[in-house]
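What follows is one structure encoded as structure tokens, with my remarks underneath.
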There are 2 protein chains.
Amino acid sequence: MKTTALIMAGGRGERFWPKSRKNLPKQFLSLTGDGKTMIQFTVERILSLVAIEDIYIVTNHDYKDLVKEQLPDLPEENILCEPVGRNTAACIGLGAVHIQRKCKDACMIVLPSDHLIKYNAMFINTLKDACAIAEQEENLVTIGITPDYPEIGYGYIKFLPDEEKEHAYKVDRFVEKPSLEVAKEYLLTEEYLWNSGMFVWKISTILEMLKRLMPDTYQGLIKIKEAIGTEEEEMVLEREFYNFQSISIDYGVLEKSDNIYTLPGTFGWDDVGSWLAVERIRKTNEFGNVVSGNTITISTKNCVIEGTEKLIATVGIEDLIVVDTQDATLICAKDSANEIKKVLETLKNCNRDEYI
Amino acid sequence: MKTTALIMAGGRGERFWPKSRKNLPKQFLSLTGDGKTMIQFTVERILSLVAIEDIYIVTNHDYKDLVKEQLPDLPEENILCEPVGRNTAACIGLGAVHIQRKCKDACMIVLPSDHLIKYNAMFINTLKDACAIAEQEENLVTIGITPDYPEIGYGYIKFLPDEEKEHAYKVDRFVEKPSLEVAKEYLLTEEYLWNSGMFVWKISTILEMLKRLMPDTYQGLIKIKEAIGTEEEEMVLEREFYNFQSISIDYGVLEKSDNIYTLPGTFGWDDVGSWLAVERIRKTNEFGNVVSGNTITISTKNCVIEGTEKLIATVGIEDLIVVDTQDATLICAKDSANEIKKVLETLKNCNRDEYI
């Protein structure tokens, strides 16, 4: 069976401000220090498994040109633009009907566009295993990540260790972001994985599940499918999308199904959730700093300094994130990275949209 | 007797980098937040005591235009340019011969151009007292500052509490920057003042002292005086200045004289020695921050943030100095302010003179 991929690239993340902006979100940024953007890595990583013409990007009209620019080899018709964000169920459904129109049935790998993976070969092997399981019956496969530590920012997947199938485990249930105490317990039980947001299934399976569990959305998707290529395509897409429930595939489908398997991934996954991640994914120097741009650091330790052409001089600082851009500079204590959103709130309240 | 003033403005301070530069040193900067520069305040402060045409500025050719621009009412001929810096003895001697040429004898107030004073009326009264003492016999008067705390960055003046004369005290000796321990002892004895670098004497007195104690310099100064207004003025000035010993008036004259009095000043003096001073001289907000420019501060405490039009956003930081300029941004821990010079050393070593 043909293997296809759907890459979700409509996000407008704020956590990489001031480098990420409304018109240049994280998936289009280079954060690793080697020039390639997150979405470019995401596509490149799977090319040994999926042909470029079988890769689909779901984004929105604001980012269509960025996708074309950053992925010049991707057929333009594979860039699908949502008229409005309606969470992952609608997004995946839209991808599914587009792929189905072209190849009837196929294996569909669903990936976020802004995660990093260290061990590509292991990742590809995990995806292959996932495809093998997904192609059997009506199995839904979610890629779990073996936790390193009790993270409280992710959802978890509880699996059944006794129900193993070709390295995958039957999923018992999905659980929301836990407290630190609960997260610690999860790790001790050895029955929980992080929910990475990567899924594998057949087109026919996911559409059947949507039909069964989200029939309104399914009806809308069918109308969209029938309009593809006609003069009414845009109009129908817009009308149906605005009517869709905004619900994640986890809530809308996975939690209500029982043919779900999880494959534990140990391929060095990183969701690059904030500037703090830059330290993990980039090389630190002998003083624990990650430095780029026109920079002089004196007595500076364990800092992330992301400069431009403008000179940034740091003296005697520690555990800070410094990000310079053309029109704005952020200076943030590492342990306050989650407060960067307050800067954006302040900017919004003051109608200073040019910085958002 | 006429009262004149000599303001020394040739310094090339590095401690206010990146705002201060080789071509814009501290005395020409506005650091108080109300638009006026240090040298403008210095002149304005004494106008009730000294007429503008009796105020002389010693600087160098690089800064002559800045002086003209910032002090448009000052007669251009009162701007004296040293061909090369030769410390305060030569600087004061040059001022003295210029003033003497115009008015034979006068009282001469010598002031640095980059200090701040909070209580102007008290300062003027101190200067008046100093002039009264200086006009008697061959007295040299140095303005001492009553110490608030055991500062180790200043020289001290030891005075003789029993030899008082019109609120002034006979100076016993000058002492160099002490260790903290020694500075603490000084405060306990109640016989030490800070050496502020402000002096008052008659032109005739200081020239007589130079003649006696620095005869070579004196001879050179006389040659310079004779050349003033002639075609050879520049040439003679240059030749003599390069030959001058580089020595301070404290070492060259004061320490070797015994007719020295000190007047303890309690007029809120601040030498504005580094970015840390900005906190003392400017208003802090409710979070202890001194903020200017286009700035958003979230969970930010006790910081000095000097911005421009470019947005600076700070999150979760404390006790930092952030200074933004057109081409460089400094981020410095308050307790590392004395290491800012290392940035300048690095820039020099890398031949990046554009930032110096």
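Please note that chains go A, B, ... in the order of the structure tokens, that every chain numbers its residues from 1, and that ligands are numbered from 1 in the order shown.
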
- Can you check which residues of chain B have any atom within 9 Å of chain A? Use only C-alpha atoms and format it as a VMD selection string. chain B and resid 296 to 299 309 to 318 320 322 326 to 337 339 to 340 342 to 343 346 to 347 355

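Residues of region 273-318 of chain B that DSSP places in strand (DSSP E), based on the backbone of this structure, are Val290, Val291, Ser292, Thr295, Ile296, Thr297, Ile298, Val304, Ile305, Glu306, Leu311, Ile312, Ala313, Thr314 and Val315 of chain B.
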
- Contacts of Lys223 (chain B) within 9 Å, only C-alpha atoms, excl. fewer than 5 positions in-chain, as a count of residues only: 5

- Message: Taking only C-alpha atoms into account, name the residue in B:Glu163, B:Asp353, B:Val290, B:Leu74 that is nearest to Lys22 (chain B).
- Response: B:Asp353

- Message: Env of His115 (chain A): 9 Å cut, atoms = only C-alpha atoms, seq-sep filter 6 positions within chain, self excluded. Answer as a count of residues only.
- Response: 10

- Task: Pick out the residues sitting within 12 Å of Pro215 (chain A), and hand them over as an MDAnalysis selection string; count only C-alpha atoms, and ignore anything fewer than 6 positions along from it in its own chain.
- Result: chainID A and resid 89:90 93 207:209 221:222 244:245 252:253

- Note on the structure: Min atom-atom distance to Gln219 (chain A) from the set A:Val110, A:Ile133, A:Leu160, A:Val97, counting only C-alpha atoms, belongs to A:Val97

- Message: I want to know what sits within 10 Å of Asp258 (chain B), based on only C-alpha atoms, with residues of the same chain fewer than 6 positions away left out; could you give that as a list in words?
- Response: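 The contact residues come out as Asn139, Leu140, Lys170, Val171, Asp172 and Arg173 of chain B.
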
Please produce an output containing N, CA and C atoms for each residue in the selection, written as a PDB file, in the first residue's frame.
ATOM      1  N   ASN B 139      46.422  80.585  49.315  1.00  0.00           N
ATOM      2  CA  ASN B 139      45.709  79.365  49.691  1.00  0.00           C
ATOM      3  C   ASN B 139      45.223  78.581  48.471  1.00  0.00           C
ATOM      4  N   LEU B 140      45.358  77.258  48.586  1.00  0.00           N
ATOM      5  CA  LEU B 140      44.778  76.344  47.598  1.00  0.00           C
ATOM      6  C   LEU B 140      43.603  75.650  48.295  1.00  0.00           C
ATOM      7  N   LYS B 170      42.498  72.710  57.302  1.00  0.00           N
ATOM      8  CA  LYS B 170      43.827  72.532  56.731  1.00  0.00           C
ATOM      9  C   LYS B 170      43.953  71.066  56.308  1.00  0.00           C
ATOM     10  N   VAL B 171      44.523  70.843  55.109  1.00  0.00           N
ATOM     11  CA  VAL B 171      44.713  69.466  54.629  1.00  0.00           C
ATOM     12  C   VAL B 171      46.011  68.911  55.205  1.00  0.00           C
ATOM     13  N   ASP B 172      45.938  67.726  55.770  1.00  0.00           N
ATOM     14  CA  ASP B 172      47.130  67.051  56.275  1.00  0.00           C
ATOM     15  C   ASP B 172      47.842  66.355  55.113  1.00  0.00           C
ATOM     16  N   ARG B 173      47.092  65.496  54.384  1.00  0.00           N
ATOM     17  CA  ARG B 173      47.687  64.812  53.233  1.00  0.00           C
ATOM     18  C   ARG B 173      46.589  64.205  52.344  1.00  0.00           C
TER      19      ARG B 173
END

All residues 9 Å or closer to Arg21 (chain B), only C-alpha atoms, same chain fewer than 4 positions away omitted, as a CSV table (one decimal) with C-alpha atoms, in the first residue's frame:
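Dumped to selection-v4.csv:
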chain,number,residue,atom,x,y,z
B,12,ARG,CA,37.3,59.5,27.1
B,13,GLY,CA,35.4,57.4,29.7
B,14,GLU,CA,34.5,53.9,28.7
B,16,PHE,CA,29.1,54.1,29.8
B,17,TRP,CA,29.6,52.0,26.7
B,25,PRO,CA,32.2,60.5,25.9
B,26,LYS,CA,30.3,60.7,29.1
B,355,TYR,CA,32.0,50.1,18.2
B,356,ILE,CA,34.5,51.9,20.4

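Computed from the coordinates, the CA of Ile46 (chain A) to CA of Gly95 (chain A) distance equals 17.2 Å.
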